[in-house]
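Shown below: my_file.pdb, with PDB, C-alpha atoms, pLDDT in the B column.
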ATOM      1  CA  MET A   1     142.008 221.035 176.408  1.00 77.00           C
ATOM      2  CA  LEU A   2     138.729 220.991 174.511  1.00 87.00           C
ATOM      3  CA  ASP A   3     136.220 218.363 175.672  1.00 90.00           C
ATOM      4  CA  ILE A   4     135.360 216.407 172.544  1.00 93.00           C
ATOM      5  CA  ARG A   5     132.917 214.012 174.235  1.00 92.00           C
ATOM      6  CA  GLU A   6     130.115 215.602 172.255  1.00 93.00           C
ATOM      7  CA  PRO A   7     128.741 214.180 169.004  1.00 93.00           C
ATOM      8  CA  LEU A   8     130.045 216.709 166.461  1.00 94.00           C
ATOM      9  CA  PRO A   9     133.652 217.156 167.549  1.00 96.00           C
ATOM     10  CA  ALA A  10     134.059 213.437 168.260  1.00 96.00           C
ATOM     11  CA  TRP A  11     132.621 212.514 164.849  1.00 96.00           C
ATOM     12  CA  ILE A  12     134.812 215.022 162.974  1.00 96.00           C
ATOM     13  CA  LEU A  13     137.977 213.773 164.668  1.00 97.00           C
ATOM     14  CA  ALA A  14     136.976 210.122 164.155  1.00 96.00           C
ATOM     15  CA  ARG A  15     136.251 210.778 160.469  1.00 96.00           C
ATOM     16  CA  LEU A  16     139.642 212.452 159.955  1.00 97.00           C
ATOM     17  CA  PHE A  17     141.528 209.979 162.179  1.00 96.00           C
ATOM     18  CA  ASP A  18     142.586 207.502 159.461  1.00 93.00           C
ATOM     19  CA  GLU A  19     142.492 209.837 156.458  1.00 93.00           C
ATOM     20  CA  GLU A  20     145.805 210.274 154.679  1.00 91.00           C
ATOM     21  CA  HIS A  21     144.631 213.203 152.527  1.00 93.00           C
ATOM     22  CA  PRO A  22     142.687 216.394 153.272  1.00 95.00           C
ATOM     23  CA  LEU A  23     138.903 216.102 153.256  1.00 96.00           C
ATOM     24  CA  PRO A  24     136.883 219.092 152.045  1.00 96.00           C
ATOM     25  CA  ARG A  25     134.522 220.679 154.554  1.00 94.00           C
ATOM     26  CA  LYS A  26     131.592 219.967 152.220  1.00 94.00           C
ATOM     27  CA  SER A  27     132.550 216.292 152.126  1.00 94.00           C
ATOM     28  CA  LEU A  28     132.649 216.157 155.926  1.00 94.00           C
ATOM     29  CA  LEU A  29     129.207 217.718 156.190  1.00 92.00           C
ATOM     30  CA  LYS A  30     127.782 215.462 153.446  1.00 93.00           C
ATOM     31  CA  THR A  31     129.067 212.291 155.122  1.00 92.00           C
ATOM     32  CA  LEU A  32     128.159 213.370 158.667  1.00 93.00           C
ATOM     33  CA  CYS A  33     126.253 210.433 160.131  1.00 88.00           C
ATOM     34  CA  GLN A  34     122.545 211.098 160.482  1.00 90.00           C
ATOM     35  CA  ALA A  35     122.566 210.687 164.262  1.00 89.00           C
ATOM     36  CA  SER A  36     125.307 213.308 164.622  1.00 89.00           C
ATOM     37  CA  PHE A  37     123.503 215.581 162.177  1.00 90.00           C
ATOM     38  CA  ASP A  38     120.308 215.208 164.198  1.00 90.00           C
ATOM     39  CA  SER A  39     122.218 216.177 167.348  1.00 88.00           C
ATOM     40  CA  MET A  40     122.850 219.653 165.920  1.00 88.00           C
ATOM     41  CA  THR A  41     120.546 222.223 167.483  1.00 87.00           C
ATOM     42  CA  GLY A  42     121.184 224.964 164.925  1.00 86.00           C
ATOM     43  CA  ASP A  43     122.493 225.508 161.421  1.00 84.00           C
ATOM     44  CA  ASN A  44     125.730 227.035 162.708  1.00 90.00           C
ATOM     45  CA  ASP A  45     126.663 224.143 165.024  1.00 93.00           C
ATOM     46  CA  PHE A  46     128.904 222.438 162.461  1.00 94.00           C
ATOM     47  CA  ALA A  47     130.685 225.694 161.577  1.00 94.00           C
ATOM     48  CA  ASP A  48     131.179 226.570 165.240  1.00 95.00           C
ATOM     49  CA  VAL A  49     132.637 223.153 166.051  1.00 95.00           C
ATOM     50  CA  MET A  50     134.989 223.328 163.047  1.00 96.00           C
ATOM     51  CA  LYS A  51     136.207 226.772 164.183  1.00 97.00           C
ATOM     52  CA  GLU A  52     136.741 225.526 167.739  1.00 97.00           C
ATOM     53  CA  LEU A  53     138.655 222.442 166.554  1.00 97.00           C
ATOM     54  CA  GLU A  54     140.848 224.662 164.350  1.00 97.00           C
ATOM     55  CA  LYS A  55     141.423 227.141 167.165  1.00 97.00           C
ATOM     56  CA  GLU A  56     142.593 224.319 169.446  1.00 96.00           C
ATOM     57  CA  HIS A  57     144.845 222.995 166.614  1.00 97.00           C
ATOM     58  CA  TYR A  58     142.989 219.667 166.560  1.00 98.00           C
ATOM     59  CA  ILE A  59     142.378 220.029 162.825  1.00 98.00           C
ATOM     60  CA  LYS A  60     144.035 222.106 160.140  1.00 97.00           C
ATOM     61  CA  PHE A  61     143.051 223.312 156.682  1.00 97.00           C
ATOM     62  CA  LYS A  62     145.651 222.072 154.242  1.00 96.00           C
ATOM     63  CA  LYS A  63     146.362 222.200 150.508  1.00 95.00           C
ATOM     64  CA  GLU A  64     148.481 219.538 148.892  1.00 91.00           C
ATOM     65  CA  THR A  65     149.705 219.040 145.356  1.00 91.00           C
ATOM     66  CA  TYR A  66     149.994 215.590 143.872  1.00 87.00           C
ATOM     67  CA  GLU A  67     150.760 213.924 140.558  1.00 89.00           C
ATOM     68  CA  ASP A  68     147.998 212.342 138.548  1.00 89.00           C
ATOM     69  CA  PHE A  69     147.726 210.922 135.065  1.00 90.00           C
ATOM     70  CA  LYS A  70     145.229 212.038 132.446  1.00 87.00           C
ATOM     71  CA  PRO A  71     144.403 209.815 129.450  1.00 85.00           C
ATOM     72  CA  VAL A  72     145.330 211.294 126.067  1.00 79.00           C
ATOM     73  CA  ALA A  73     143.994 209.718 122.869  1.00 69.00           C
ATOM     74  CA  VAL A  74     146.575 209.359 120.109  1.00 67.00           C
ATOM     75  CA  ASN A  75     145.565 208.939 116.441  1.00 61.00           C
ATOM     76  CA  TYR A  76     148.175 207.193 114.333  1.00 60.00           C
ATOM     77  CA  GLY A  77     146.429 207.833 110.969  1.00 59.00           C
ATOM     78  CA  PRO A  78     146.312 210.961 108.785  1.00 63.00           C
ATOM     79  CA  PRO A  79     144.954 213.984 110.683  1.00 62.00           C
ATOM     80  CA  ASP A  80     142.039 214.626 108.276  1.00 64.00           C
ATOM     81  CA  GLU A  81     140.739 211.042 108.247  1.00 60.00           C
ATOM     82  CA  PRO A  82     138.810 209.188 110.965  1.00 59.00           C
ATOM     83  CA  PRO A  83     141.145 207.223 113.203  1.00 55.00           C
ATOM     84  CA  GLU A  84     141.679 203.675 112.079  1.00 55.00           C
ATOM     85  CA  GLU A  85     144.051 202.907 114.843  1.00 54.00           C
ATOM     86  CA  SER A  86     144.250 204.822 118.089  1.00 53.00           C
ATOM     87  CA  SER A  87     145.828 204.344 121.430  1.00 59.00           C
ATOM     88  CA  THR A  88     145.470 205.850 124.849  1.00 70.00           C
ATOM     89  CA  ARG A  89     148.508 207.261 126.534  1.00 82.00           C
ATOM     90  CA  PHE A  90     148.689 208.976 129.853  1.00 87.00           C
ATOM     91  CA  GLU A  91     150.000 212.448 130.471  1.00 87.00           C
ATOM     92  CA  LYS A  92     151.336 213.407 133.881  1.00 90.00           C
ATOM     93  CA  ILE A  93     149.558 216.420 135.413  1.00 92.00           C
ATOM     94  CA  MET A  94     149.669 218.133 138.794  1.00 92.00           C
ATOM     95  CA  ARG A  95     146.466 218.451 140.815  1.00 90.00           C
ATOM     96  CA  THR A  96     145.660 220.155 144.087  1.00 92.00           C
ATOM     97  CA  ARG A  97     143.370 218.933 146.821  1.00 92.00           C
ATOM     98  CA  GLU A  98     142.422 220.930 149.860  1.00 95.00           C
ATOM     99  CA  GLY A  99     140.536 220.249 153.012  1.00 96.00           C
ATOM    100  CA  TYR A 100     140.951 219.336 156.650  1.00 97.00           C
ATOM    101  CA  VAL A 101     143.416 216.973 158.247  1.00 97.00           C
ATOM    102  CA  ILE A 102     143.652 215.906 161.853  1.00 97.00           C
ATOM    103  CA  GLU A 103     146.651 217.289 163.719  1.00 97.00           C
ATOM    104  CA  GLU A 104     148.638 215.684 166.529  1.00 97.00           C
ATOM    105  CA  PRO A 105     146.627 217.403 169.328  1.00 97.00           C
ATOM    106  CA  GLY A 106     143.424 216.126 167.689  1.00 97.00           C
ATOM    107  CA  ILE A 107     144.759 212.575 167.525  1.00 97.00           C
ATOM    108  CA  ASN A 108     145.820 212.793 171.166  1.00 96.00           C
ATOM    109  CA  ALA A 109     142.465 214.256 172.273  1.00 96.00           C
ATOM    110  CA  PHE A 110     140.492 211.573 170.409  1.00 97.00           C
ATOM    111  CA  ARG A 111     142.626 208.774 171.794  1.00 96.00           C
ATOM    112  CA  ARG A 112     142.656 210.201 175.335  1.00 95.00           C
ATOM    113  CA  GLN A 113     138.996 211.193 175.645  1.00 95.00           C
ATOM    114  CA  ILE A 114     137.256 208.531 173.559  1.00 96.00           C
ATOM    115  CA  VAL A 115     139.495 205.505 172.967  1.00 95.00           C
ATOM    116  CA  THR A 116     141.172 205.501 176.410  1.00 95.00           C
ATOM    117  CA  THR A 117     137.813 205.931 178.138  1.00 94.00           C
ATOM    118  CA  ILE A 118     136.431 202.904 176.269  1.00 94.00           C
ATOM    119  CA  LYS A 119     139.661 201.010 177.074  1.00 94.00           C
ATOM    120  CA  GLU A 120     139.085 201.718 180.786  1.00 94.00           C
ATOM    121  CA  ILE A 121     135.444 200.629 180.505  1.00 92.00           C
ATOM    122  CA  LYS A 122     136.311 197.394 178.621  1.00 92.00           C
ATOM    123  CA  PRO A 123     137.428 195.287 181.650  1.00 91.00           C
ATOM    124  CA  HIS A 124     134.162 196.139 183.386  1.00 89.00           C
ATOM    125  CA  VAL A 125     131.845 195.658 180.423  1.00 85.00           C
ATOM    126  CA  ASP A 126     130.255 192.580 182.030  1.00 82.00           C
ATOM    127  CA  LYS A 127     129.091 194.784 184.928  1.00 79.00           C
ATOM    128  CA  LEU A 128     127.085 196.848 182.453  1.00 76.00           C
ATOM    129  CA  SER A 129     124.340 194.238 182.050  1.00 69.00           C
ATOM    130  CA  THR A 130     121.750 196.638 183.482  1.00 66.00           C
ATOM    131  CA  ILE A 131     122.642 199.354 180.981  1.00 75.00           C
ATOM    132  CA  ASP A 132     120.160 200.211 178.234  1.00 71.00           C
ATOM    133  CA  GLY A 133     119.818 197.544 175.508  1.00 80.00           C
ATOM    134  CA  LYS A 134     120.451 200.101 172.752  1.00 87.00           C
ATOM    135  CA  PHE A 135     124.165 199.772 173.570  1.00 89.00           C
ATOM    136  CA  GLY A 136     124.285 196.061 172.684  1.00 86.00           C
ATOM    137  CA  LYS A 137     126.311 196.506 169.488  1.00 89.00           C
ATOM    138  CA  ILE A 138     128.818 198.760 171.244  1.00 91.00           C
ATOM    139  CA  ILE A 139     129.198 196.360 174.187  1.00 89.00           C
ATOM    140  CA  ASN A 140     129.672 193.355 171.884  1.00 88.00           C
ATOM    141  CA  SER A 141     132.181 195.232 169.723  1.00 91.00           C
ATOM    142  CA  VAL A 142     134.187 196.446 172.723  1.00 89.00           C
ATOM    143  CA  ARG A 143     134.111 193.019 174.363  1.00 88.00           C
ATOM    144  CA  SER A 144     135.341 191.143 171.281  1.00 89.00           C
ATOM    145  CA  THR A 145     137.785 193.576 169.705  1.00 87.00           C
ATOM    146  CA  VAL A 146     141.527 193.293 169.453  1.00 86.00           C
ATOM    147  CA  ASP A 147     142.197 196.682 167.826  1.00 92.00           C
ATOM    148  CA  LEU A 148     140.207 198.976 170.103  1.00 93.00           C
ATOM    149  CA  THR A 149     141.239 202.191 168.326  1.00 95.00           C
ATOM    150  CA  LYS A 150     139.994 200.940 164.955  1.00 95.00           C
ATOM    151  CA  THR A 151     136.747 199.602 166.436  1.00 95.00           C
ATOM    152  CA  VAL A 152     135.994 202.754 168.433  1.00 96.00           C
ATOM    153  CA  THR A 153     136.746 204.957 165.410  1.00 96.00           C
ATOM    154  CA  LYS A 154     134.328 202.895 163.292  1.00 95.00           C
ATOM    155  CA  LEU A 155     131.622 202.971 165.985  1.00 95.00           C
ATOM    156  CA  CYS A 156     132.113 206.721 166.356  1.00 95.00           C
ATOM    157  CA  ILE A 157     131.772 207.348 162.615  1.00 95.00           C
ATOM    158  CA  GLU A 158     128.621 205.213 162.446  1.00 94.00           C
ATOM    159  CA  ASN A 159     126.793 206.775 165.418  1.00 93.00           C
ATOM    160  CA  THR A 160     128.706 209.207 167.607  1.00 94.00           C
ATOM    161  CA  PRO A 161     125.750 210.312 169.770  1.00 94.00           C
ATOM    162  CA  LEU A 162     125.122 206.692 170.767  1.00 94.00           C
ATOM    163  CA  LEU A 163     128.813 206.106 171.559  1.00 95.00           C
ATOM    164  CA  VAL A 164     129.020 209.335 173.595  1.00 94.00           C
ATOM    165  CA  ASP A 165     125.818 208.366 175.431  1.00 93.00           C
ATOM    166  CA  PHE A 166     127.304 204.912 176.101  1.00 93.00           C
ATOM    167  CA  ILE A 167     130.464 206.459 177.579  1.00 93.00           C
ATOM    168  CA  LYS A 168     128.451 208.728 179.873  1.00 92.00           C
ATOM    169  CA  SER A 169     126.033 205.962 180.923  1.00 90.00           C
ATOM    170  CA  ALA A 170     128.803 203.421 181.515  1.00 90.00           C
ATOM    171  CA  MET A 171     130.874 205.879 183.551  1.00 90.00           C
ATOM    172  CA  SER A 172     127.841 206.745 185.665  1.00 88.00           C
ATOM    173  CA  LEU A 173     126.908 203.096 186.246  1.00 87.00           C
ATOM    174  CA  LEU A 174     130.488 202.097 187.072  1.00 87.00           C
ATOM    175  CA  TYR A 175     130.810 205.073 189.437  1.00 88.00           C
ATOM    176  CA  LYS A 176     127.810 203.716 191.372  1.00 81.00           C
ATOM    177  CA  VAL A 177     129.743 200.490 191.996  1.00 79.00           C
ATOM    178  CA  ASP A 178     132.924 202.373 192.975  1.00 82.00           C
ATOM    179  CA  ILE A 179     134.766 201.991 189.674  1.00 81.00           C
ATOM    180  CA  PHE A 180     136.136 205.347 188.591  1.00 76.00           C
ATOM    181  CA  ILE A 181     136.824 206.156 184.948  1.00 80.00           C
ATOM    182  CA  HIS A 182     138.336 209.536 184.035  1.00 69.00           C
TER     183      HIS A 182
END
If you took the structure in this file and wrote it as structure tokens, what would it be?
Amino acid sequence: MLDIREPLPAWILARLFDEEHPLPRKSLLKTLCQASFDSMTGDNDFADVMKELEKEHYIKFKKETYEDFKPVAVNYGPPDEPPEESSTRFEKIMRTREGYVIEEPGINAFRRQIVTTIKEIKPHVDKLSTIDGKFGKIINSVRSTVDLTKTVTKLCIENTPLLVDFIKSAMSLLYKVDIFIH
């Protein structure tokens, strides 16, 4: 199993987690949060992570065809005169979209390595008072959330490096007080 507790793979899986339709690679790179982008050490990091996620079957490139409607102007007057009365109708057309979707192993890895880890940290969040203040938003969100998966996904999309750093720091601090998180 691929360890996704790194900014790029965690962000990619979080971004694809709730998407119903394929997202183009270019769209993923364009919307990559700045903190995750800054965590890249080289220009090939994103490509390498995408290849690794595909190899592990966490994500998949997919094409899908769907119906759409295109407006068509209709002129009800003589063809050689300017339209006095016109209407817009819609014509059904088929379109194709292609991009990446998260696969079942990717969903399981994200839930197991990110969401479950935060779920195990949640009961002990009050013991993390000595942890760095930069994690305040994460701690408050985790403490007050009902839907942990949705909250963690949102936090991950906004700033994956900070969330990953929080997980590592919290696990280390809890380990020092004999609380073991996988």
Nearest residue to Ile12 in chain A out of A:Glu120, A:Glu67, A:Asp178, A:Glu158, using all atoms listed in the file? A:Glu158
Identify which of the residues A:Thr149, A:Ile118, A:His124, A:Thr88 lies closest to Val177 in chain A, counting only C-alpha atoms when measuring atom-to-atom distances. A:His124
For Lys70 in chain A, list every protein, DNA or RNA residue within 9 Å, evaluated using only C-alpha atoms, and leave out those in the same chain fewer than 4 positions away; present the list as a ChimeraX atom specification. /A:89-93
Counting all atoms listed in the file, the residue of A:Glu6, A:Glu52, A:Glu19, A:Glu103 that sits nearest Ser39 in chain A: A:Glu6
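Closest approach to Leu128 in chain A among A:Ile102, A:Leu155, A:Leu8, A:Ala170: A:Ala170, based on only C-alpha atoms.
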What does the distance between CA of Met94 in chain A and CA of Lys30 in chain A come to in Å, to one decimal place? 26.5 Å
Using the chain letters and residue numbers of this document, give as a PyMOL selection string the residues selected by the PyMOL selection byres ((chain A and resi 98) around 7). chain A and resi 22-24+62-64+96-97+99
Find, counting only C-alpha atoms, the residue in A:Met1, A:Leu13, A:Cys33, A:Leu162 that gets nearest to Ile59 in chain A.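 Using only C-alpha atoms, the shortest distance to Ile59 in chain A belongs to A:Leu13.
Selection result for the displayed file, with the PyMOL selection byres ((chain A and resi 131) around 12) as criterion, is Val125, Asp126, Lys127, Leu128, Ser129, Thr130, Asp132, Gly133, Lys134, Phe135, Gly136, Ile138, Ile139, Asp165, Phe166, Ile167, Lys168, Ser169, Ala170, Met171, Ser172, Leu173 and Leu174 of chain A.
Among A:Ser144, A:Thr41, A:Gln113, A:Thr31, the residue with the shortest atom-to-atom distance to Leu16 in chain A, counting all atoms listed in the file, is A:Thr31.
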So how far away is CA of Val101 in chain A from CA of Thr116 in chain A, in Å?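 Spanning CA of Thr116 in chain A to CA of Val101 in chain A is a straight-line distance of 21.6 Å.
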What do you get, as a ChimeraX atom specification, if you spell out every residue that the PyMOL selection byres ((chain A and resi 11) around 12) selects here? /A:4-10,12-17,28-29,31-37,39,46,49-50,53,102,106,110,114,152-164
Point-to-point distance from CA of Tyr100 in chain A to CA of Glu54 in chain A, Å rounded to tenths: 9.4 Å
